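Report on one structure; see the data block that follows.
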Amino acid sequence: MSPQKCKHILTMLEKANPNPSTELIYHSNFELLIAVMLSAQATDVSVNKATPVLFNKAKTPEAICKLGEERLKDYIKTIGLYNSKAKNIIKTCQILIEKHNSDIPTTREALEALPGVGRKTANVVLNVAFNQATMPVDTHIFRVANRTGLAHGKTPLAVENQLMKTIPEAFRNKAHHWIILHGRYTCLARKPKCVTCTIAKWCEFPDKTV
């Protein structure tokens with residue numbers, strides 16, 4: 001995709017949503033990290049139903065560790081893969097206490113060293129908490145990027161790398177929010193809302209309905 005076409009698409013998405021943000025509910029960088037870890041293979045809606053109660057009880061690494069794995073499970077059992085997530089969260093909290101003075105690391109390498117934190121989770125935290133220009137590629141971004149032509153790739157990493165090359169620097173900090181929200185509410189997997197899509201004229205999706 002040409003830089004000019006990419007700029008047109010992102011400009012339209014920006015007009016529709018000038019100040020995009022994550023839909024996860026959090027009040028600190030630590031809460032953000034935990035919420036993003038819980039959101040893996042789960043919806044933000046399901047996470048947002050569980051975390052306010054959890055964070056009201058425990059909102060620091062020390063408090064989560066004190067809670068313990070079994071009690072933690074009680075708070076997150078409505079979220080998919082809660083058993084493994086509880087185990088990883090406890091281990092992550094222990095490492096944050098022991099190695100990072102209970103602070104959230106500001107580098108990808110340190111974040112990905114935490115149990116249960118992969119590249120996508122690290123990218124979200126770096127972008128949202130520390131305003132770094134990263135591109136966390138989930139199923140929505142993967143779909144929208146390939147359909148529109150913003151980036152073509154067979155893997156999330158391939159799409160991420162292409163997006164980071166294609167998207168102008170001025171748009172990079174907010175780009176992943178625009179694209180993910182567009183995929184979540186307009187460019188749906190089964191029935192994309194092409195008729196109301198603000199970027200349909202630039203979209204390369206062969207099955208679009210306009």
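If you're wondering about the labels, chains in the structure tokens are A, B, ... by order shown, residues count from 1 in each chain, ligands from 1 in order shown.
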Restrict the calculation to only C-alpha atoms, then for each residue of region 62-122 of chain A with any atom at most 9 Å from an atom of region 12-33 of chain A give the closest atom pair and their distance in Å to one decimal, rows by chain and rising residue number, as a Markdown table.
```
| residue | atom | partner | partner_atom | distance |
| --- | --- | --- | --- | --- |
| A:Ser102 | CA | A:Phe30 | CA | 8.6 |
| A:Asp103 | CA | A:Phe30 | CA | 7.5 |
| A:Ile104 | CA | A:Phe30 | CA | 6.4 |
| A:Val117 | CA | A:Leu33 | CA | 8.8 |
| A:Thr121 | CA | A:Leu33 | CA | 7.8 |
| A:Ala122 | CA | A:Leu33 | CA | 8.4 |
```
Would you save the residues from that selection as a PDB file, in the first residue's frame, using N, CA, C and O atoms?
```pdb
ATOM      1  N   SER A 102       8.564  -3.911  42.124  1.00  0.00           N
ATOM      2  CA  SER A 102       7.101  -3.872  41.938  1.00  0.00           C
ATOM      3  C   SER A 102       6.645  -2.923  40.834  1.00  0.00           C
ATOM      4  O   SER A 102       5.445  -2.677  40.690  1.00  0.00           O
ATOM      5  N   ASP A 103       7.591  -2.400  40.058  1.00  0.00           N
ATOM      6  CA  ASP A 103       7.234  -1.545  38.928  1.00  0.00           C
ATOM      7  C   ASP A 103       7.080  -2.377  37.658  1.00  0.00           C
ATOM      8  O   ASP A 103       7.598  -3.492  37.563  1.00  0.00           O
ATOM      9  N   ILE A 104       6.406  -1.808  36.671  1.00  0.00           N
ATOM     10  CA  ILE A 104       6.240  -2.484  35.395  1.00  0.00           C
ATOM     11  C   ILE A 104       7.415  -2.130  34.498  1.00  0.00           C
ATOM     12  O   ILE A 104       7.723  -0.951  34.303  1.00  0.00           O
ATOM     13  N   VAL A 117       3.328 -13.355  29.456  1.00  0.00           N
ATOM     14  CA  VAL A 117       3.413 -12.110  28.672  1.00  0.00           C
ATOM     15  C   VAL A 117       4.108 -12.395  27.351  1.00  0.00           C
ATOM     16  O   VAL A 117       5.311 -12.655  27.321  1.00  0.00           O
ATOM     17  N   THR A 121       0.973  -8.787  24.254  1.00  0.00           N
ATOM     18  CA  THR A 121       0.730  -8.175  25.566  1.00  0.00           C
ATOM     19  C   THR A 121       1.786  -7.111  25.861  1.00  0.00           C
ATOM     20  O   THR A 121       1.467  -6.013  26.330  1.00  0.00           O
ATOM     21  N   ALA A 122       3.035  -7.435  25.571  1.00  0.00           N
ATOM     22  CA  ALA A 122       4.115  -6.467  25.800  1.00  0.00           C
ATOM     23  C   ALA A 122       3.889  -5.208  24.965  1.00  0.00           C
ATOM     24  O   ALA A 122       4.063  -4.083  25.458  1.00  0.00           O
TER      25      ALA A 122
END
```
Within 12 Å of Ile89 (chain A), counting only C-alpha atoms, which residues qualify if same-chain residues fewer than 3 places away don't, as a PDB file with all heavy atoms, in the first residue's frame?
```
ATOM      1  N   PHE A  30       0.192  -1.426  36.598  1.00  0.00           N
ATOM      2  CA  PHE A  30       0.100  -2.810  37.043  1.00  0.00           C
ATOM      3  C   PHE A  30      -1.263  -3.397  36.693  1.00  0.00           C
ATOM      4  O   PHE A  30      -1.354  -4.520  36.179  1.00  0.00           O
ATOM      5  CB  PHE A  30       0.341  -2.908  38.556  1.00  0.00           C
ATOM      6  CG  PHE A  30       0.106  -4.300  39.099  1.00  0.00           C
ATOM      7  CD1 PHE A  30       0.989  -5.326  38.793  1.00  0.00           C
ATOM      8  CD2 PHE A  30      -1.002  -4.577  39.894  1.00  0.00           C
ATOM      9  CE1 PHE A  30       0.767  -6.618  39.270  1.00  0.00           C
ATOM     10  CE2 PHE A  30      -1.222  -5.862  40.379  1.00  0.00           C
ATOM     11  CZ  PHE A  30      -0.340  -6.887  40.064  1.00  0.00           C
ATOM     12  N   GLU A  31      -2.323  -2.673  36.964  1.00  0.00           N
ATOM     13  CA  GLU A  31      -3.659  -3.156  36.631  1.00  0.00           C
ATOM     14  C   GLU A  31      -3.797  -3.359  35.127  1.00  0.00           C
ATOM     15  O   GLU A  31      -4.447  -4.307  34.672  1.00  0.00           O
ATOM     16  CB  GLU A  31      -4.725  -2.186  37.145  1.00  0.00           C
ATOM     17  CG  GLU A  31      -4.854  -2.182  38.659  1.00  0.00           C
ATOM     18  CD  GLU A  31      -6.015  -1.317  39.142  1.00  0.00           C
ATOM     19  OE1 GLU A  31      -6.764  -0.788  38.302  1.00  0.00           O
ATOM     20  OE2 GLU A  31      -6.159  -1.172  40.369  1.00  0.00           O
ATOM     21  N   LEU A  33      -1.376  -4.206  33.026  1.00  0.00           N
ATOM     22  CA  LEU A  33      -0.662  -5.438  32.690  1.00  0.00           C
ATOM     23  C   LEU A  33      -1.514  -6.663  33.003  1.00  0.00           C
ATOM     24  O   LEU A  33      -1.649  -7.566  32.164  1.00  0.00           O
ATOM     25  CB  LEU A  33       0.654  -5.511  33.468  1.00  0.00           C
ATOM     26  CG  LEU A  33       1.418  -6.843  33.358  1.00  0.00           C
ATOM     27  CD1 LEU A  33       1.848  -7.113  31.916  1.00  0.00           C
ATOM     28  CD2 LEU A  33       2.625  -6.844  34.295  1.00  0.00           C
ATOM     29  N   ILE A  34      -2.097  -6.696  34.177  1.00  0.00           N
ATOM     30  CA  ILE A  34      -2.910  -7.851  34.570  1.00  0.00           C
ATOM     31  C   ILE A  34      -4.134  -7.977  33.665  1.00  0.00           C
ATOM     32  O   ILE A  34      -4.485  -9.078  33.217  1.00  0.00           O
ATOM     33  CB  ILE A  34      -3.345  -7.739  36.043  1.00  0.00           C
ATOM     34  CG1 ILE A  34      -2.121  -7.703  36.962  1.00  0.00           C
ATOM     35  CG2 ILE A  34      -4.263  -8.902  36.423  1.00  0.00           C
ATOM     36  CD1 ILE A  34      -1.178  -8.872  36.815  1.00  0.00           C
ATOM     37  N   ALA A  35      -4.778  -6.861  33.363  1.00  0.00           N
ATOM     38  CA  ALA A  35      -5.964  -6.892  32.508  1.00  0.00           C
ATOM     39  C   ALA A  35      -5.622  -7.402  31.115  1.00  0.00           C
ATOM     40  O   ALA A  35      -6.370  -8.194  30.523  1.00  0.00           O
ATOM     41  CB  ALA A  35      -6.589  -5.499  32.425  1.00  0.00           C
ATOM     42  N   VAL A  36      -4.486  -6.968  30.572  1.00  0.00           N
ATOM     43  CA  VAL A  36      -4.088  -7.413  29.241  1.00  0.00           C
ATOM     44  C   VAL A  36      -3.730  -8.898  29.261  1.00  0.00           C
ATOM     45  O   VAL A  36      -4.063  -9.643  28.330  1.00  0.00           O
ATOM     46  CB  VAL A  36      -2.906  -6.581  28.695  1.00  0.00           C
ATOM     47  CG1 VAL A  36      -2.488  -7.084  27.316  1.00  0.00           C
ATOM     48  CG2 VAL A  36      -3.279  -5.118  28.611  1.00  0.00           C
ATOM     49  N   MET A  37      -3.073  -9.347  30.316  1.00  0.00           N
ATOM     50  CA  MET A  37      -2.773 -10.777  30.443  1.00  0.00           C
ATOM     51  C   MET A  37      -4.057 -11.593  30.471  1.00  0.00           C
ATOM     52  O   MET A  37      -4.154 -12.647  29.846  1.00  0.00           O
ATOM     53  CB  MET A  37      -1.955 -11.033  31.717  1.00  0.00           C
ATOM     54  CG  MET A  37      -0.536 -10.506  31.667  1.00  0.00           C
ATOM     55  SD  MET A  37       0.358 -10.726  33.238  1.00  0.00           S
ATOM     56  CE  MET A  37       0.524 -12.525  33.279  1.00  0.00           C
ATOM     57  N   LEU A  38      -5.053 -11.105  31.173  1.00  0.00           N
ATOM     58  CA  LEU A  38      -6.331 -11.813  31.273  1.00  0.00           C
ATOM     59  C   LEU A  38      -7.102 -11.786  29.962  1.00  0.00           C
ATOM     60  O   LEU A  38      -7.911 -12.681  29.689  1.00  0.00           O
ATOM     61  CB  LEU A  38      -7.183 -11.196  32.386  1.00  0.00           C
ATOM     62  CG  LEU A  38      -6.699 -11.431  33.814  1.00  0.00           C
ATOM     63  CD1 LEU A  38      -7.537 -10.600  34.792  1.00  0.00           C
ATOM     64  CD2 LEU A  38      -6.787 -12.918  34.177  1.00  0.00           C
ATOM     65  N   THR A  60      -1.928  -4.505  43.747  1.00  0.00           N
ATOM     66  CA  THR A  60      -0.470  -4.436  43.665  1.00  0.00           C
ATOM     67  C   THR A  60       0.080  -5.855  43.549  1.00  0.00           C
ATOM     68  O   THR A  60      -0.601  -6.822  43.884  1.00  0.00           O
ATOM     69  CB  THR A  60       0.132  -3.778  44.928  1.00  0.00           C
ATOM     70  OG1 THR A  60      -0.148  -4.622  46.062  1.00  0.00           O
ATOM     71  CG2 THR A  60      -0.444  -2.388  45.152  1.00  0.00           C
ATOM     72  N   PRO A  61       1.312  -5.997  43.095  1.00  0.00           N
ATOM     73  CA  PRO A  61       1.908  -7.340  43.032  1.00  0.00           C
ATOM     74  C   PRO A  61       1.912  -8.026  44.399  1.00  0.00           C
ATOM     75  O   PRO A  61       1.639  -9.232  44.502  1.00  0.00           O
ATOM     76  CB  PRO A  61       3.336  -7.068  42.538  1.00  0.00           C
ATOM     77  CG  PRO A  61       3.233  -5.803  41.774  1.00  0.00           C
ATOM     78  CD  PRO A  61       2.206  -4.977  42.502  1.00  0.00           C
ATOM     79  N   GLU A  62       2.210  -7.248  45.437  1.00  0.00           N
ATOM     80  CA  GLU A  62       2.243  -7.821  46.786  1.00  0.00           C
ATOM     81  C   GLU A  62       0.859  -8.342  47.199  1.00  0.00           C
ATOM     82  O   GLU A  62       0.732  -9.436  47.771  1.00  0.00           O
ATOM     83  CB  GLU A  62       2.718  -6.771  47.794  1.00  0.00           C
ATOM     84  CG  GLU A  62       4.181  -6.384  47.669  1.00  0.00           C
ATOM     85  CD  GLU A  62       4.436  -5.348  46.571  1.00  0.00           C
ATOM     86  OE1 GLU A  62       3.471  -4.924  45.896  1.00  0.00           O
ATOM     87  OE2 GLU A  62       5.602  -4.971  46.386  1.00  0.00           O
ATOM     88  N   ALA A  63      -0.166  -7.567  46.892  1.00  0.00           N
ATOM     89  CA  ALA A  63      -1.525  -7.959  47.274  1.00  0.00           C
ATOM     90  C   ALA A  63      -2.001  -9.183  46.494  1.00  0.00           C
ATOM     91  O   ALA A  63      -2.693 -10.053  47.044  1.00  0.00           O
ATOM     92  CB  ALA A  63      -2.486  -6.795  47.060  1.00  0.00           C
ATOM     93  N   ILE A  64      -1.623  -9.262  45.234  1.00  0.00           N
ATOM     94  CA  ILE A  64      -1.996 -10.426  44.429  1.00  0.00           C
ATOM     95  C   ILE A  64      -1.305 -11.677  44.968  1.00  0.00           C
ATOM     96  O   ILE A  64      -1.924 -12.740  45.088  1.00  0.00           O
ATOM     97  CB  ILE A  64      -1.617 -10.214  42.945  1.00  0.00           C
ATOM     98  CG1 ILE A  64      -2.470  -9.105  42.320  1.00  0.00           C
ATOM     99  CG2 ILE A  64      -1.778 -11.520  42.161  1.00  0.00           C
ATOM    100  CD1 ILE A  64      -3.907  -9.465  42.047  1.00  0.00           C
ATOM    101  N   CYS A  65      -0.023 -11.543  45.302  1.00  0.00           N
ATOM    102  CA  CYS A  65       0.708 -12.683  45.861  1.00  0.00           C
ATOM    103  C   CYS A  65       0.105 -13.130  47.189  1.00  0.00           C
ATOM    104  O   CYS A  65      -0.005 -14.332  47.469  1.00  0.00           O
ATOM    105  CB  CYS A  65       2.181 -12.338  46.043  1.00  0.00           C
ATOM    106  SG  CYS A  65       3.116 -12.271  44.505  1.00  0.00           S
ATOM    107  N   LEU A  67      -2.932 -12.805  48.018  1.00  0.00           N
ATOM    108  CA  LEU A  67      -4.208 -13.444  47.686  1.00  0.00           C
ATOM    109  C   LEU A  67      -3.998 -14.924  47.411  1.00  0.00           C
ATOM    110  O   LEU A  67      -4.777 -15.769  47.874  1.00  0.00           O
ATOM    111  CB  LEU A  67      -4.800 -12.752  46.455  1.00  0.00           C
ATOM    112  CG  LEU A  67      -6.293 -12.888  46.174  1.00  0.00           C
ATOM    113  CD1 LEU A  67      -7.122 -12.301  47.307  1.00  0.00           C
ATOM    114  CD2 LEU A  67      -6.621 -12.195  44.852  1.00  0.00           C
ATOM    115  N   GLY A  68      -2.953 -15.246  46.663  1.00  0.00           N
ATOM    116  CA  GLY A  68      -2.652 -16.638  46.342  1.00  0.00           C
ATOM    117  C   GLY A  68      -3.366 -17.113  45.089  1.00  0.00           C
ATOM    118  O   GLY A  68      -4.380 -16.554  44.667  1.00  0.00           O
ATOM    119  N   GLU A  69      -2.830 -18.168  44.514  1.00  0.00           N
ATOM    120  CA  GLU A  69      -3.336 -18.659  43.231  1.00  0.00           C
ATOM    121  C   GLU A  69      -4.782 -19.123  43.303  1.00  0.00           C
ATOM    122  O   GLU A  69      -5.591 -18.815  42.430  1.00  0.00           O
ATOM    123  CB  GLU A  69      -2.442 -19.799  42.734  1.00  0.00           C
ATOM    124  CG  GLU A  69      -2.801 -20.288  41.351  1.00  0.00           C
ATOM    125  CD  GLU A  69      -1.835 -21.349  40.853  1.00  0.00           C
ATOM    126  OE1 GLU A  69      -0.638 -21.314  41.219  1.00  0.00           O
ATOM    127  OE2 GLU A  69      -2.285 -22.229  40.087  1.00  0.00           O
ATOM    128  N   GLU A  70      -5.137 -19.872  44.325  1.00  0.00           N
ATOM    129  CA  GLU A  70      -6.494 -20.433  44.409  1.00  0.00           C
ATOM    130  C   GLU A  70      -7.543 -19.349  44.609  1.00  0.00           C
ATOM    131  O   GLU A  70      -8.607 -19.379  43.982  1.00  0.00           O
ATOM    132  CB  GLU A  70      -6.576 -21.469  45.535  1.00  0.00           C
ATOM    133  CG  GLU A  70      -5.765 -22.730  45.275  1.00  0.00           C
ATOM    134  CD  GLU A  70      -6.115 -23.373  43.934  1.00  0.00           C
ATOM    135  OE1 GLU A  70      -7.317 -23.508  43.630  1.00  0.00           O
ATOM    136  OE2 GLU A  70      -5.175 -23.722  43.193  1.00  0.00           O
ATOM    137  N   LEU A  72      -7.158 -16.235  43.750  1.00  0.00           N
ATOM    138  CA  LEU A  72      -7.151 -15.449  42.526  1.00  0.00           C
ATOM    139  C   LEU A  72      -8.075 -16.076  41.495  1.00  0.00           C
ATOM    140  O   LEU A  72      -8.810 -15.373  40.786  1.00  0.00           O
ATOM    141  CB  LEU A  72      -5.724 -15.349  41.971  1.00  0.00           C
ATOM    142  CG  LEU A  72      -5.556 -14.645  40.617  1.00  0.00           C
ATOM    143  CD1 LEU A  72      -6.096 -13.216  40.666  1.00  0.00           C
ATOM    144  CD2 LEU A  72      -4.087 -14.650  40.197  1.00  0.00           C
ATOM    145  N   LYS A  73      -8.057 -17.391  41.416  1.00  0.00           N
ATOM    146  CA  LYS A  73      -8.920 -18.091  40.466  1.00  0.00           C
ATOM    147  C   LYS A  73     -10.398 -17.770  40.691  1.00  0.00           C
ATOM    148  O   LYS A  73     -11.169 -17.679  39.737  1.00  0.00           O
ATOM    149  CB  LYS A  73      -8.705 -19.596  40.562  1.00  0.00           C
ATOM    150  CG  LYS A  73      -7.393 -20.088  40.008  1.00  0.00           C
ATOM    151  CD  LYS A  73      -7.282 -21.607  40.172  1.00  0.00           C
ATOM    152  CE  LYS A  73      -5.936 -22.127  39.705  1.00  0.00           C
ATOM    153  NZ  LYS A  73      -5.812 -23.594  39.901  1.00  0.00           N
ATOM    154  N   ILE A  76     -11.281 -14.658  38.790  1.00  0.00           N
ATOM    155  CA  ILE A  76     -11.146 -14.619  37.328  1.00  0.00           C
ATOM    156  C   ILE A  76     -11.710 -15.872  36.649  1.00  0.00           C
ATOM    157  O   ILE A  76     -11.496 -16.075  35.451  1.00  0.00           O
ATOM    158  CB  ILE A  76      -9.665 -14.444  36.918  1.00  0.00           C
ATOM    159  CG1 ILE A  76      -8.823 -15.642  37.363  1.00  0.00           C
ATOM    160  CG2 ILE A  76      -9.104 -13.143  37.506  1.00  0.00           C
ATOM    161  CD1 ILE A  76      -7.383 -15.622  36.825  1.00  0.00           C
ATOM    162  N   TYR A  82      -8.552 -19.479  32.803  1.00  0.00           N
ATOM    163  CA  TYR A  82      -8.250 -18.828  34.080  1.00  0.00           C
ATOM    164  C   TYR A  82      -7.248 -19.593  34.937  1.00  0.00           C
ATOM    165  O   TYR A  82      -6.507 -18.994  35.726  1.00  0.00           O
ATOM    166  CB  TYR A  82      -9.537 -18.555  34.873  1.00  0.00           C
ATOM    167  CG  TYR A  82     -10.205 -19.766  35.467  1.00  0.00           C
ATOM    168  CD1 TYR A  82      -9.923 -20.177  36.766  1.00  0.00           C
ATOM    169  CD2 TYR A  82     -11.126 -20.509  34.740  1.00  0.00           C
ATOM    170  CE1 TYR A  82     -10.534 -21.278  37.326  1.00  0.00           C
ATOM    171  CE2 TYR A  82     -11.758 -21.608  35.284  1.00  0.00           C
ATOM    172  CZ  TYR A  82     -11.466 -22.007  36.575  1.00  0.00           C
ATOM    173  OH  TYR A  82     -12.077 -23.102  37.120  1.00  0.00           O
ATOM    174  N   ASN A  83      -7.198 -20.917  34.798  1.00  0.00           N
ATOM    175  CA  ASN A  83      -6.250 -21.685  35.611  1.00  0.00           C
ATOM    176  C   ASN A  83      -4.803 -21.319  35.274  1.00  0.00           C
ATOM    177  O   ASN A  83      -4.008 -21.010  36.167  1.00  0.00           O
ATOM    178  CB  ASN A  83      -6.466 -23.193  35.391  1.00  0.00           C
ATOM    179  CG  ASN A  83      -7.669 -23.723  36.149  1.00  0.00           C
ATOM    180  OD1 ASN A  83      -7.822 -23.489  37.339  1.00  0.00           O
ATOM    181  ND2 ASN A  83      -8.539 -24.437  35.452  1.00  0.00           N
ATOM    182  N   SER A  84      -4.472 -21.369  33.987  1.00  0.00           N
ATOM    183  CA  SER A  84      -3.105 -21.039  33.588  1.00  0.00           C
ATOM    184  C   SER A  84      -2.806 -19.563  33.795  1.00  0.00           C
ATOM    185  O   SER A  84      -1.677 -19.180  34.138  1.00  0.00           O
ATOM    186  CB  SER A  84      -2.866 -21.433  32.127  1.00  0.00           C
ATOM    187  OG  SER A  84      -3.756 -20.753  31.269  1.00  0.00           O
ATOM    188  N   LYS A  85      -3.815 -18.720  33.598  1.00  0.00           N
ATOM    189  CA  LYS A  85      -3.611 -17.276  33.781  1.00  0.00           C
ATOM    190  C   LYS A  85      -3.330 -16.955  35.243  1.00  0.00           C
ATOM    191  O   LYS A  85      -2.482 -16.115  35.555  1.00  0.00           O
ATOM    192  CB  LYS A  85      -4.825 -16.505  33.272  1.00  0.00           C
ATOM    193  CG  LYS A  85      -4.947 -16.506  31.753  1.00  0.00           C
ATOM    194  CD  LYS A  85      -6.194 -15.799  31.260  1.00  0.00           C
ATOM    195  CE  LYS A  85      -6.273 -15.844  29.732  1.00  0.00           C
ATOM    196  NZ  LYS A  85      -7.484 -15.196  29.196  1.00  0.00           N
ATOM    197  N   ALA A  86      -4.031 -17.617  36.159  1.00  0.00           N
ATOM    198  CA  ALA A  86      -3.797 -17.380  37.583  1.00  0.00           C
ATOM    199  C   ALA A  86      -2.369 -17.770  37.961  1.00  0.00           C
ATOM    200  O   ALA A  86      -1.680 -17.038  38.685  1.00  0.00           O
ATOM    201  CB  ALA A  86      -4.803 -18.172  38.416  1.00  0.00           C
ATOM    202  N   THR A  92       4.342 -13.855  37.727  1.00  0.00           N
ATOM    203  CA  THR A  92       4.713 -12.523  37.251  1.00  0.00           C
ATOM    204  C   THR A  92       4.817 -11.536  38.395  1.00  0.00           C
ATOM    205  O   THR A  92       5.758 -10.729  38.464  1.00  0.00           O
ATOM    206  CB  THR A  92       3.681 -12.034  36.209  1.00  0.00           C
ATOM    207  OG1 THR A  92       3.933 -12.696  34.967  1.00  0.00           O
ATOM    208  CG2 THR A  92       3.790 -10.532  35.981  1.00  0.00           C
ATOM    209  N   CYS A  93       3.871 -11.581  39.307  1.00  0.00           N
ATOM    210  CA  CYS A  93       3.901 -10.677  40.464  1.00  0.00           C
ATOM    211  C   CYS A  93       5.135 -10.919  41.326  1.00  0.00           C
ATOM    212  O   CYS A  93       5.754  -9.971  41.828  1.00  0.00           O
ATOM    213  CB  CYS A  93       2.633 -10.850  41.298  1.00  0.00           C
ATOM    214  SG  CYS A  93       1.160 -10.169  40.518  1.00  0.00           S
ATOM    215  N   GLN A  94       5.510 -12.171  41.483  1.00  0.00           N
ATOM    216  CA  GLN A  94       6.711 -12.483  42.258  1.00  0.00           C
ATOM    217  C   GLN A  94       7.956 -11.901  41.599  1.00  0.00           C
ATOM    218  O   GLN A  94       8.830 -11.343  42.277  1.00  0.00           O
ATOM    219  CB  GLN A  94       6.839 -14.011  42.397  1.00  0.00           C
ATOM    220  CG  GLN A  94       5.762 -14.632  43.278  1.00  0.00           C
ATOM    221  CD  GLN A  94       5.745 -16.146  43.217  1.00  0.00           C
ATOM    222  OE1 GLN A  94       6.285 -16.761  42.288  1.00  0.00           O
ATOM    223  NE2 GLN A  94       5.112 -16.773  44.200  1.00  0.00           N
ATOM    224  N   ILE A  95       8.030 -11.996  40.280  1.00  0.00           N
ATOM    225  CA  ILE A  95       9.185 -11.452  39.560  1.00  0.00           C
ATOM    226  C   ILE A  95       9.195  -9.926  39.625  1.00  0.00           C
ATOM    227  O   ILE A  95      10.255  -9.308  39.782  1.00  0.00           O
ATOM    228  CB  ILE A  95       9.166 -11.919  38.090  1.00  0.00           C
ATOM    229  CG1 ILE A  95       9.395 -13.432  38.030  1.00  0.00           C
ATOM    230  CG2 ILE A  95      10.217 -11.183  37.265  1.00  0.00           C
ATOM    231  CD1 ILE A  95       9.240 -14.030  36.643  1.00  0.00           C
ATOM    232  N   LEU A  96       8.018  -9.316  39.508  1.00  0.00           N
ATOM    233  CA  LEU A  96       7.945  -7.852  39.604  1.00  0.00           C
ATOM    234  C   LEU A  96       8.461  -7.373  40.958  1.00  0.00           C
ATOM    235  O   LEU A  96       9.172  -6.366  41.042  1.00  0.00           O
ATOM    236  CB  LEU A  96       6.501  -7.387  39.405  1.00  0.00           C
ATOM    237  CG  LEU A  96       5.911  -7.541  37.998  1.00  0.00           C
ATOM    238  CD1 LEU A  96       4.450  -7.126  37.986  1.00  0.00           C
ATOM    239  CD2 LEU A  96       6.704  -6.707  36.990  1.00  0.00           C
ATOM    240  N   LEU A 114       8.359 -12.032  31.535  1.00  0.00           N
ATOM    241  CA  LEU A 114       7.361 -12.333  32.574  1.00  0.00           C
ATOM    242  C   LEU A 114       6.467 -13.480  32.111  1.00  0.00           C
ATOM    243  O   LEU A 114       6.041 -13.507  30.955  1.00  0.00           O
ATOM    244  CB  LEU A 114       6.503 -11.091  32.852  1.00  0.00           C
ATOM    245  CG  LEU A 114       7.244  -9.853  33.354  1.00  0.00           C
ATOM    246  CD1 LEU A 114       6.299  -8.655  33.384  1.00  0.00           C
ATOM    247  CD2 LEU A 114       7.838 -10.108  34.725  1.00  0.00           C
ATOM    248  N   PRO A 115       6.155 -14.429  32.984  1.00  0.00           N
ATOM    249  CA  PRO A 115       5.290 -15.558  32.612  1.00  0.00           C
ATOM    250  C   PRO A 115       3.922 -15.088  32.119  1.00  0.00           C
ATOM    251  O   PRO A 115       3.291 -14.237  32.743  1.00  0.00           O
ATOM    252  CB  PRO A 115       5.156 -16.339  33.925  1.00  0.00           C
ATOM    253  CG  PRO A 115       6.390 -15.997  34.699  1.00  0.00           C
ATOM    254  CD  PRO A 115       6.664 -14.560  34.357  1.00  0.00           C
ATOM    255  N   GLY A 116       3.502 -15.606  30.980  1.00  0.00           N
ATOM    256  CA  GLY A 116       2.191 -15.247  30.452  1.00  0.00           C
ATOM    257  C   GLY A 116       2.170 -13.971  29.636  1.00  0.00           C
ATOM    258  O   GLY A 116       1.114 -13.547  29.171  1.00  0.00           O
ATOM    259  N   VAL A 117       3.328 -13.355  29.456  1.00  0.00           N
ATOM    260  CA  VAL A 117       3.413 -12.110  28.672  1.00  0.00           C
ATOM    261  C   VAL A 117       4.108 -12.395  27.351  1.00  0.00           C
ATOM    262  O   VAL A 117       5.311 -12.655  27.321  1.00  0.00           O
ATOM    263  CB  VAL A 117       4.158 -11.000  29.436  1.00  0.00           C
ATOM    264  CG1 VAL A 117       4.289  -9.754  28.574  1.00  0.00           C
ATOM    265  CG2 VAL A 117       3.435 -10.672  30.734  1.00  0.00           C
TER     266      VAL A 117
END
```
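For the set A:Val53, A:Ala40, A:Leu126, A:Cys187, the residue with the smallest atom-to-atom gap to Thr148 (chain A) is A:Cys187, counting only C-alpha atoms.
Across the model, the gap from CA of Asp138 (chain A) to CA of Leu157 (chain A) is 10.2 Å.
Minimum atom-to-atom distance to Gln162 (chain A), evaluated using only C-alpha atoms, belongs to A:Gly149 out of A:Gly149, A:Gly183, A:Pro206, A:Pro105.
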Identify which of the residues A:Thr196, A:Thr107, A:Thr209, A:Thr134 lies closest to Ala175 (chain A), counting only C-alpha atoms when measuring atom-to-atom distances.
A:Thr134
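Note that the spacing between CA of Ala200 (chain A) and CA of Ile141 (chain A) amounts to 15.9 Å.
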Could you give me, as a ChimeraX atom specification, the residues within 9 Å of Val159 (chain A), counting only C-alpha atoms and dropping anything in the same chain fewer than 4 positions from it?
/A:137,141-142,145-146,150-155,163-164
Apply DSSP to the structure's backbone, then extract all residues of region 48-124 of chain A labelled helix (DSSP H, G or I) and return them as a VMD selection string.
chain A and resid 48 to 57 61 to 67 69 to 76 82 to 100 108 to 112 119 to 124
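Across the structure, CA of Ala58 (chain A) and CA of Tyr75 (chain A) are spaced 10.5 Å apart.
The residue set within 10 Å of Ile79 (chain A), counting only C-alpha atoms and dropping same-chain residues fewer than 5 places from it, reads Leu38, Ser39, Ala40, Gln41, Ala42, Thr43, Asp44, Val45, Ser46, Val47, Asn48, Lys49, Ala50, Lys73 and Lys85 of chain A.
Shortest separation to Gln132 (chain A) among A:Arg108, A:Lys99, A:Lys59, A:Asp74 occurs at residue A:Arg108, atoms counted being only C-alpha atoms.
When only C-alpha atoms are used to measure the gap to Gln4 (chain A), the shortest distance among A:Asn173, A:Thr166, A:Thr198, A:Thr106 belongs to A:Thr166.
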